[in-house]
Amino acid sequence: MFRNMFRTIRPTFSNVLLRWKSSGTEKKVTMYDPFVTKPKKNKETYLEVIKMFEGNDIRRRGHVEFIYAALARMKEFGVQKDLEVYKALVDVLPKGKFIPTNIFQAEFMHYPKQQQCAVDLLEQMEDNGVMPDYEMEQMLLNIFGRRGIPLRKFWRMMYWMPKFKNLSPWYLPDQLPNDTLELAKLAIQRITSVDPDTQISVWQTEEIEASLDKTWIVSAQSRIQQVLLAEQPPDDPLIVKGPYIVYLKDQVVSYFLLVGKIRPEHNDDKDLDDVSNIEKPPGIPGFIGNTKLPAIKCTVHEQDDGTIVSVCATGTSSRDSLLSWIRLLEKYGNPVLSDIPVIFTLTAPPTDIAMQETQPAVTETDDEQIKRK
Amino acid sequence: MNLARKICTLPFQNVNKNLYRKLRISASHYESSTYSQPQVQEEKFDFEDLKIIERTERRKAQIPPFMKNVFVSVFDRDLLAYPEILNKEESEALDQRIAALDRVFFDPEKTKDDRKAVLKGTKMYAAPVNLTNGGLAMNHTESLRFLDTISSDLQLGQELSDHWVSLNALKLGLPEDSYQKIIDDLTSGEKTIALCIKERVAERVLQADFRTVAEMDGRNVWRISGEKVCTQVSGYFLVLCTTHDTGHLKMFLVHPGAEGISHDDTYVSFQKTPGIPLDIVTEENLAKTLGVSRLHTAALCRASLLQAMQAVADYIRPRIFAGKPLSEISSIRSVIGEALINIYASESAEYFTAGLLDGYMEPDAELEMAMCRNFIAQNGLDTLLKLIAIPNVEMKAESNQLLDNMRSLTLRGETIDSVNMYIALNGIHHAGTRMAEEIKQIRNPLFNPSYILKKILADRHQEKDQPKLTLYLAEHLHPSLRVPSEQLEYCVLRMKFACETLMARHGMEISKAYTELNRLAEAATEILVMTAVLARASRAYCIGLRNAEVEMKLAACFVEKSKERVRKLILEIDDGEYLNLDHFKVQFGRKVLDTKSILVEKPTARVFW
């Protein structure tokens, strides 16, 4: 209820501001923005600005405006996921002053603008997935008291955020690596987690002399996939499909599949209700299982649209790098690839192969062209 | 959906305790003695040499399979008379041989060579062979008695068991002339025969589970290629192979020192090794013959447990705790007592099964043999752990040896689970043939409403876990065993219900419900052992054996405990995978295997500070 009430109040303040702005007076105040002037934009300088603001004026006039401005600049400084920074911002608010002292104050929004500011700050934390801690609670308590709206926001956050934090079955570190190779490894790990036996290997295309793109390849294949590949009919071509994308938090990695033919579906039309002849084992001690091979679809890699025999992500996602991938697969344990034709059906080639041909071999750092959003 | 189960049953609680049951007149169901089968005399003569007469076999006419029928709650009450196979002369001859063996095997000063010598002297290496071929024509009951003694040297026991089983298989499988050619060499005792059946688990997805192949080469010689689990390094091998194309199984005899044999620690591999095929035996008969090794395993396991019990008893006797002999501590006594119960139960079941094999024409007792093996393998290991906990660390080397022996015996040739699966699938197969029509109706309730209504009424006692005891087993046992016999009766009557539940729930997919089949197999195993124990105790008491009253108490104790186990197992089957927690355990296991982690965080881990 309070929140709704609060929301209705908020535009009123902005209206007032607008009216003040458009009142047509000649004198206009130019805001001095300390964040713009900082040459280096990182956590230290950000905290420095906050310290400066705190030291400037003992009354800390304009602290709400300052906090809003600071919140807006967070991405620029790359600190939007840092709890310490949020705490420093909350610390800007004066302690004790905003705590209601009677029931009327408590009921009718004591210092609404300040409370809204703190709520917005918490909201931004939530949007960025930053989990507050008990020290933050203590700070908010000291500023707004037990009945403050920010506290309620805080408690709600502390109820839900821990529940959502580890809900994904694929664990990722809090801080994703900056290196695209590491990201690609994480992505491929996630995709291939269906088969715990999968081996992930990182190869350099330099190993293949004919390669034009000099980059890395993260390739994954399990032993079962190796066998499935070895058993592919030699006349039917394999297909390289992709690029598909996978999200790791806010990062995107594109990957490719090597797809083969599927074995026939297990077709069982026996009557499940007729138990008159249940299969029984032969009974020779020590003899279990079958003497015949399973000739039907039975692994997780055999999907409806094909048998996935390997997965990869490359540094450039170019056709040439994928060609190198096939050659490397052939080199490392899949000799059958030298006989089977491979078709590339890339829906939209991310980089033009003709361009690559005219350019000299690129260095490792330039290779970080995995699609990012 | 099993609709008959879903609809609430009517609580006629007092109707089923009818007057007739209370005033049960013990002879009212007694079907006089006419039902006892006439004995079939079978005498074999070797007409080429009339001086040697083959051993006479006194077998009764064929009976329907005992334990398979228990799966549909049909109980052959005649079998409550414990089998007596040996007559006076045979028994005396047996005792003499045993005494000769005992003198060497229980003398700690004798060496392995001495023991081998006495085995040769008592014709043990030729025991299952006909008298005409210089053997003893030993039957299964005798083989168990011999093994009881011989198994004090476990390695010899295992070797001999394999040897005996193989000899029987050869007798069935080889044509008469080639059998006669090699039999003398086989029975001399210089070279024993080892069974090579088990293989490594497949490591590739497109690999068959069973891979040893025999192929005919250009000169009509079978060549074997493959790898087998086998610890014996010299002597003959009896190798199970699949022949190409058909996938049929065939046994091959491989001579010692044949080309292409190489040994690893636990594996023997064959490379184009020539072998003699056992052509004239069917797969089914082969399974029956080889199945006897399960019975031998049971005997070896039991002997191993007995050894452990004696070793621990020797340890306890001279020791003192708090001024009193250690043997006065009741917890120690109860562990020893439990070991005795298990040994007694297992021994009863083994000889009971041997009696089934020896006493009837064309016996179908593979299931019983498998049950004997599993009963003692499972209980023996549990009891052994308790036993060797008594001396703590003081008998470290001996305890390790005992444990290792027992472990290798429980894994001899196969695992407990695979044997359980064999038991359950055979039982359920048998039940399926009998109950197919019924199950079809239960699984299609809306097509058979009247049947379902009848079923609701008919199953009301079973639903309440109080089946009507209609088998009257007490009439075939000593009167003082009436309570235990009723407990056995309860267990038997619950079996059909359990099978019905399982088949109604899974239909043909029952062969994949491994956890539930395991329970069914364990319950059936307990029933066989209960039957054997009751029959043995009753016999002992009736004929006045020494310490028969102890046997009665042992039997009563065992049955009391066993009945609870069966009750629990069958209730768990009835409950289904959610109530008996199978579903969840399976899920946890799957996740651990899939994620390669233990799933749970450490208790000190935090999400926020």
# chains A, B, ... in the order shown; residues from 1 in each chain; ligands from 1
>>> closest_atom_pairs(of="chain A", to="chain B", cutoff="9 Å", atoms="only C-alpha atoms", output="JSON lines")
{"residue": "A:Met131", "atom": "CA", "partner": "B:Phe608", "partner_atom": "CA", "distance": 6.7}
{"residue": "A:Pro132", "atom": "CA", "partner": "B:Phe608", "partner_atom": "CA", "distance": 7.3}
{"residue": "A:Asp133", "atom": "CA", "partner": "B:Trp609", "partner_atom": "CA", "distance": 5.0}
{"residue": "A:Tyr134", "atom": "CA", "partner": "B:Trp609", "partner_atom": "CA", "distance": 6.2}
{"residue": "A:Glu135", "atom": "CA", "partner": "B:Trp609", "partner_atom": "CA", "distance": 8.2}
{"residue": "A:Met158", "atom": "CA", "partner": "B:Phe608", "partner_atom": "CA", "distance": 8.9}
{"residue": "A:Pro162", "atom": "CA", "partner": "B:Val607", "partner_atom": "CA", "distance": 6.3}
{"residue": "A:Lys165", "atom": "CA", "partner": "B:Val607", "partner_atom": "CA", "distance": 8.0}
{"residue": "A:Asn166", "atom": "CA", "partner": "B:Val607", "partner_atom": "CA", "distance": 8.6}
{"residue": "A:Ser193", "atom": "CA", "partner": "B:Thr595", "partner_atom": "CA", "distance": 7.4}
{"residue": "A:Val194", "atom": "CA", "partner": "B:Asp594", "partner_atom": "CA", "distance": 7.4}
{"residue": "A:Asp195", "atom": "CA", "partner": "B:Asp594", "partner_atom": "CA", "distance": 6.9}
{"residue": "A:Pro196", "atom": "CA", "partner": "B:Asp594", "partner_atom": "CA", "distance": 5.4}
{"residue": "A:Asp197", "atom": "CA", "partner": "B:Asp594", "partner_atom": "CA", "distance": 8.7}
{"residue": "A:Arg223", "atom": "CA", "partner": "B:Arg204", "partner_atom": "CA", "distance": 7.7}
{"residue": "A:Ile224", "atom": "CA", "partner": "B:Val205", "partner_atom": "CA", "distance": 6.1}
{"residue": "A:Val227", "atom": "CA", "partner": "B:Val205", "partner_atom": "CA", "distance": 7.1}
{"residue": "A:Leu228", "atom": "CA", "partner": "B:Leu206", "partner_atom": "CA", "distance": 8.2}
{"residue": "A:Glu231", "atom": "CA", "partner": "B:Leu206", "partner_atom": "CA", "distance": 8.7}
{"residue": "A:Lys270", "atom": "CA", "partner": "B:Met508", "partner_atom": "CA", "distance": 8.6}
{"residue": "A:Asp271", "atom": "CA", "partner": "B:Met508", "partner_atom": "CA", "distance": 7.6}
{"residue": "A:Leu272", "atom": "CA", "partner": "B:Met508", "partner_atom": "CA", "distance": 4.8}
{"residue": "A:Asp273", "atom": "CA", "partner": "B:Gly507", "partner_atom": "CA", "distance": 5.1}
{"residue": "A:Asp274", "atom": "CA", "partner": "B:Ala436", "partner_atom": "CA", "distance": 6.2}
{"residue": "A:Val275", "atom": "CA", "partner": "B:Gly432", "partner_atom": "CA", "distance": 5.2}
{"residue": "A:Ser276", "atom": "CA", "partner": "B:Thr433", "partner_atom": "CA", "distance": 4.3}
{"residue": "A:Asn277", "atom": "CA", "partner": "B:Thr433", "partner_atom": "CA", "distance": 6.3}
{"residue": "A:Ile278", "atom": "CA", "partner": "B:His429", "partner_atom": "CA", "distance": 5.1}
{"residue": "A:Glu279", "atom": "CA", "partner": "B:His429", "partner_atom": "CA", "distance": 7.0}
{"residue": "A:Lys280", "atom": "CA", "partner": "B:Leu425", "partner_atom": "CA", "distance": 5.4}
{"residue": "A:Pro281", "atom": "CA", "partner": "B:Tyr422", "partner_atom": "CA", "distance": 6.2}
{"residue": "A:Pro282", "atom": "CA", "partner": "B:Ala287", "partner_atom": "CA", "distance": 6.9}
{"residue": "A:Gly283", "atom": "CA", "partner": "B:Ala287", "partner_atom": "CA", "distance": 5.5}
{"residue": "A:Ile284", "atom": "CA", "partner": "B:Ala287", "partner_atom": "CA", "distance": 4.5}
{"residue": "A:Pro285", "atom": "CA", "partner": "B:Gly291", "partner_atom": "CA", "distance": 6.1}
{"residue": "A:Gly286", "atom": "CA", "partner": "B:Glu414", "partner_atom": "CA", "distance": 4.7}
{"residue": "A:Phe287", "atom": "CA", "partner": "B:Lys198", "partner_atom": "CA", "distance": 5.9}
{"residue": "A:Ile288", "atom": "CA", "partner": "B:Asp209", "partner_atom": "CA", "distance": 7.3}
{"residue": "A:Gly289", "atom": "CA", "partner": "B:Asp209", "partner_atom": "CA", "distance": 5.3}
{"residue": "A:Asn290", "atom": "CA", "partner": "B:Asp209", "partner_atom": "CA", "distance": 5.3}
{"residue": "A:Thr291", "atom": "CA", "partner": "B:Phe210", "partner_atom": "CA", "distance": 4.9}
{"residue": "A:Lys292", "atom": "CA", "partner": "B:Ala208", "partner_atom": "CA", "distance": 5.4}
{"residue": "A:Leu293", "atom": "CA", "partner": "B:Ala208", "partner_atom": "CA", "distance": 4.8}
{"residue": "A:Pro294", "atom": "CA", "partner": "B:Leu206", "partner_atom": "CA", "distance": 6.7}
{"residue": "A:Ala295", "atom": "CA", "partner": "B:Leu206", "partner_atom": "CA", "distance": 8.1}
{"residue": "A:Thr299", "atom": "CA", "partner": "B:Val205", "partner_atom": "CA", "distance": 8.6}
>>> closest_residue(among="B:Thr515, B:Thr149, B:Thr531, B:Asn133", to="Thr187 in chain B", atoms="only C-alpha atoms")
B:Asn133
>>> closest_atom_pairs(of="range 189-255 of chain B", to="range 161-173 of chain B", cutoff="7 Å", atoms="only C-alpha atoms", output="tab-separated table")
residue	atom	partner	partner_atom	distance
B:Thr192	CA	B:His163	CA	5.8
B:Ile193	CA	B:His163	CA	4.9
B:Ala194	CA	B:Asp162	CA	5.7
B:Leu195	CA	B:Asp162	CA	6.0
B:Leu238	CA	B:Ser166	CA	6.9
>>> residues_around(residues="Ala220 in chain A", least_positions_apart="3", cutoff="7 Å", atoms="only C-alpha atoms", output="list in words")
Thr198, Gln199, Ile200, Ser201, Ser310, Val311 and Cys312 of chain A
>>> select_by_dssp(residues="range 195-233 of chain A", states="helix (DSSP H, G or I)", output="PyMOL selection string")
chain A and resi 205-207+223-230
>>> residues_around(residues="range 102-113 of chain A", least_positions_apart="4", cutoff="7 Å", atoms="only C-alpha atoms", output="ChimeraX atom specification")
/A:98,117,147
>>> closest_residue(among="A:Gln204, A:Ile149, A:Tyr247, A:Leu212", to="Leu186 in chain A", atoms="only C-alpha atoms")
A:Tyr247
>>> residues_around(residues="range 63-75 of chain A", least_positions_apart="6", cutoff="8 Å", atoms="only C-alpha atoms", output="VMD selection string")
chain A and resid 35 89 92 to 93 113 to 114 117 121 124
>>> residues_around(residues="His296 in chain B", least_positions_apart="5", cutoff="9 Å", atoms="only C-alpha atoms", output="PyMOL selection string")
chain B and resi 143-144+147+157-158+161-162+301+350+369+373
>>> select_by_dssp(residues="range 242-345 of chain A", states="strand (DSSP E or B)", output="PyMOL selection string")
chain A and resi 242-248+251-260+302-303+306-314+342-345
>>> closest_residue(among="B:Ala299, B:Ala535, B:Arg590, B:Cys491", to="Val72 in chain B", atoms="only C-alpha atoms")
B:Cys491
>>> closest_residue(among="B:Ile85, B:Ile329, B:Leu186, B:Leu305", to="Leu385 in chain B", atoms="only C-alpha atoms")
B:Leu305
>>> atom_distance(atom1="CA of Ser262 in chain B", atom2="CA of Ile276 in chain B")
18.6 Å
>>> decode(residues="range 217-230 of chain A", atoms="all heavy atoms", output="PDB file, in the first residue's frame")
ATOM      1  N   ILE A 217      40.273 -23.051 -30.973  1.00  0.00           N
ATOM      2  CA  ILE A 217      39.018 -23.794 -31.119  1.00  0.00           C
ATOM      3  C   ILE A 217      38.766 -24.541 -29.822  1.00  0.00           C
ATOM      4  O   ILE A 217      39.645 -25.245 -29.331  1.00  0.00           O
ATOM      5  CB  ILE A 217      39.109 -24.806 -32.279  1.00  0.00           C
ATOM      6  CG1 ILE A 217      39.230 -24.071 -33.598  1.00  0.00           C
ATOM      7  CG2 ILE A 217      37.896 -25.720 -32.290  1.00  0.00           C
ATOM      8  CD1 ILE A 217      39.575 -24.963 -34.751  1.00  0.00           C
ATOM      9  N   VAL A 218      37.584 -24.348 -29.259  1.00  0.00           N
ATOM     10  CA  VAL A 218      37.202 -25.164 -28.100  1.00  0.00           C
ATOM     11  C   VAL A 218      36.284 -26.256 -28.624  1.00  0.00           C
ATOM     12  O   VAL A 218      35.192 -25.958 -29.095  1.00  0.00           O
ATOM     13  CB  VAL A 218      36.470 -24.327 -27.039  1.00  0.00           C
ATOM     14  CG1 VAL A 218      36.069 -25.198 -25.872  1.00  0.00           C
ATOM     15  CG2 VAL A 218      37.346 -23.198 -26.561  1.00  0.00           C
ATOM     16  N   SER A 219      36.746 -27.473 -28.566  1.00  0.00           N
ATOM     17  CA  SER A 219      35.970 -28.554 -29.151  1.00  0.00           C
ATOM     18  C   SER A 219      35.626 -29.554 -28.066  1.00  0.00           C
ATOM     19  O   SER A 219      36.420 -29.808 -27.172  1.00  0.00           O
ATOM     20  CB  SER A 219      36.800 -29.227 -30.238  1.00  0.00           C
ATOM     21  OG  SER A 219      36.202 -30.423 -30.622  1.00  0.00           O
ATOM     22  N   ALA A 220      34.434 -30.121 -28.151  1.00  0.00           N
ATOM     23  CA  ALA A 220      34.028 -31.094 -27.136  1.00  0.00           C
ATOM     24  C   ALA A 220      33.483 -32.340 -27.795  1.00  0.00           C
ATOM     25  O   ALA A 220      32.734 -32.261 -28.766  1.00  0.00           O
ATOM     26  CB  ALA A 220      32.962 -30.490 -26.237  1.00  0.00           C
ATOM     27  N   GLN A 221      33.916 -33.463 -27.278  1.00  0.00           N
ATOM     28  CA  GLN A 221      33.434 -34.739 -27.801  1.00  0.00           C
ATOM     29  C   GLN A 221      33.569 -35.780 -26.693  1.00  0.00           C
ATOM     30  O   GLN A 221      34.582 -35.818 -26.012  1.00  0.00           O
ATOM     31  CB  GLN A 221      34.280 -35.140 -29.005  1.00  0.00           C
ATOM     32  CG  GLN A 221      33.628 -36.188 -29.863  1.00  0.00           C
ATOM     33  CD  GLN A 221      34.472 -36.566 -31.051  1.00  0.00           C
ATOM     34  OE1 GLN A 221      35.695 -36.578 -30.957  1.00  0.00           O
ATOM     35  NE2 GLN A 221      33.834 -36.887 -32.146  1.00  0.00           N
ATOM     36  N   SER A 222      32.533 -36.598 -26.536  1.00  0.00           N
ATOM     37  CA  SER A 222      32.649 -37.668 -25.548  1.00  0.00           C
ATOM     38  C   SER A 222      33.042 -38.955 -26.272  1.00  0.00           C
ATOM     39  O   SER A 222      33.026 -39.008 -27.498  1.00  0.00           O
ATOM     40  CB  SER A 222      31.326 -37.859 -24.813  1.00  0.00           C
ATOM     41  OG  SER A 222      30.401 -38.438 -25.673  1.00  0.00           O
ATOM     42  N   ARG A 223      33.379 -39.974 -25.459  1.00  0.00           N
ATOM     43  CA  ARG A 223      33.800 -41.231 -26.089  1.00  0.00           C
ATOM     44  C   ARG A 223      32.653 -41.855 -26.877  1.00  0.00           C
ATOM     45  O   ARG A 223      32.841 -42.439 -27.929  1.00  0.00           O
ATOM     46  CB  ARG A 223      34.300 -42.201 -25.021  1.00  0.00           C
ATOM     47  CG  ARG A 223      35.750 -41.941 -24.693  1.00  0.00           C
ATOM     48  CD  ARG A 223      36.216 -42.835 -23.618  1.00  0.00           C
ATOM     49  NE  ARG A 223      35.693 -42.411 -22.321  1.00  0.00           N
ATOM     50  CZ  ARG A 223      36.044 -42.964 -21.166  1.00  0.00           C
ATOM     51  NH1 ARG A 223      36.883 -43.956 -21.160  1.00  0.00           N
ATOM     52  NH2 ARG A 223      35.564 -42.517 -20.027  1.00  0.00           N
ATOM     53  N   ILE A 224      31.443 -41.679 -26.338  1.00  0.00           N
ATOM     54  CA  ILE A 224      30.276 -42.232 -27.037  1.00  0.00           C
ATOM     55  C   ILE A 224      30.118 -41.540 -28.383  1.00  0.00           C
ATOM     56  O   ILE A 224      29.848 -42.176 -29.402  1.00  0.00           O
ATOM     57  CB  ILE A 224      29.011 -42.064 -26.175  1.00  0.00           C
ATOM     58  CG1 ILE A 224      29.109 -42.993 -24.969  1.00  0.00           C
ATOM     59  CG2 ILE A 224      27.763 -42.348 -26.975  1.00  0.00           C
ATOM     60  CD1 ILE A 224      27.923 -42.960 -24.066  1.00  0.00           C
ATOM     61  N   GLN A 225      30.338 -40.217 -28.386  1.00  0.00           N
ATOM     62  CA  GLN A 225      30.218 -39.486 -29.651  1.00  0.00           C
ATOM     63  C   GLN A 225      31.272 -39.949 -30.646  1.00  0.00           C
ATOM     64  O   GLN A 225      31.014 -40.032 -31.841  1.00  0.00           O
ATOM     65  CB  GLN A 225      30.357 -37.985 -29.395  1.00  0.00           C
ATOM     66  CG  GLN A 225      29.076 -37.373 -28.857  1.00  0.00           C
ATOM     67  CD  GLN A 225      29.260 -35.930 -28.466  1.00  0.00           C
ATOM     68  OE1 GLN A 225      30.228 -35.582 -27.799  1.00  0.00           O
ATOM     69  NE2 GLN A 225      28.341 -35.097 -28.864  1.00  0.00           N
ATOM     70  N   GLN A 226      32.461 -40.234 -30.128  1.00  0.00           N
ATOM     71  CA  GLN A 226      33.522 -40.724 -31.011  1.00  0.00           C
ATOM     72  C   GLN A 226      33.090 -42.013 -31.705  1.00  0.00           C
ATOM     73  O   GLN A 226      33.287 -42.186 -32.909  1.00  0.00           O
ATOM     74  CB  GLN A 226      34.786 -40.995 -30.204  1.00  0.00           C
ATOM     75  CG  GLN A 226      35.768 -39.872 -30.306  1.00  0.00           C
ATOM     76  CD  GLN A 226      37.057 -40.170 -29.574  1.00  0.00           C
ATOM     77  OE1 GLN A 226      37.282 -41.298 -29.130  1.00  0.00           O
ATOM     78  NE2 GLN A 226      37.893 -39.168 -29.449  1.00  0.00           N
ATOM     79  N   VAL A 227      32.487 -42.896 -30.886  1.00  0.00           N
ATOM     80  CA  VAL A 227      32.044 -44.169 -31.452  1.00  0.00           C
ATOM     81  C   VAL A 227      30.928 -43.932 -32.462  1.00  0.00           C
ATOM     82  O   VAL A 227      30.925 -44.499 -33.560  1.00  0.00           O
ATOM     83  CB  VAL A 227      31.563 -45.110 -30.327  1.00  0.00           C
ATOM     84  CG1 VAL A 227      30.976 -46.365 -30.921  1.00  0.00           C
ATOM     85  CG2 VAL A 227      32.696 -45.441 -29.404  1.00  0.00           C
ATOM     86  N   LEU A 228      29.989 -43.049 -32.084  1.00  0.00           N
ATOM     87  CA  LEU A 228      28.882 -42.763 -32.996  1.00  0.00           C
ATOM     88  C   LEU A 228      29.406 -42.203 -34.310  1.00  0.00           C
ATOM     89  O   LEU A 228      28.902 -42.530 -35.389  1.00  0.00           O
ATOM     90  CB  LEU A 228      27.921 -41.766 -32.351  1.00  0.00           C
ATOM     91  CG  LEU A 228      27.047 -42.309 -31.225  1.00  0.00           C
ATOM     92  CD1 LEU A 228      26.325 -41.191 -30.523  1.00  0.00           C
ATOM     93  CD2 LEU A 228      26.048 -43.309 -31.760  1.00  0.00           C
ATOM     94  N   LEU A 229      30.443 -41.360 -34.220  1.00  0.00           N
ATOM     95  CA  LEU A 229      31.024 -40.785 -35.436  1.00  0.00           C
ATOM     96  C   LEU A 229      31.703 -41.878 -36.264  1.00  0.00           C
ATOM     97  O   LEU A 229      31.561 -41.933 -37.482  1.00  0.00           O
ATOM     98  CB  LEU A 229      32.021 -39.693 -35.048  1.00  0.00           C
ATOM     99  CG  LEU A 229      32.789 -39.029 -36.186  1.00  0.00           C
ATOM    100  CD1 LEU A 229      31.833 -38.515 -37.241  1.00  0.00           C
ATOM    101  CD2 LEU A 229      33.633 -37.887 -35.673  1.00  0.00           C
ATOM    102  N   ALA A 230      32.422 -42.762 -35.558  1.00  0.00           N
ATOM    103  CA  ALA A 230      33.131 -43.819 -36.279  1.00  0.00           C
ATOM    104  C   ALA A 230      32.163 -44.737 -37.003  1.00  0.00           C
ATOM    105  O   ALA A 230      32.489 -45.329 -38.027  1.00  0.00           O
ATOM    106  CB  ALA A 230      33.984 -44.620 -35.307  1.00  0.00           C
TER     107      ALA A 230
END
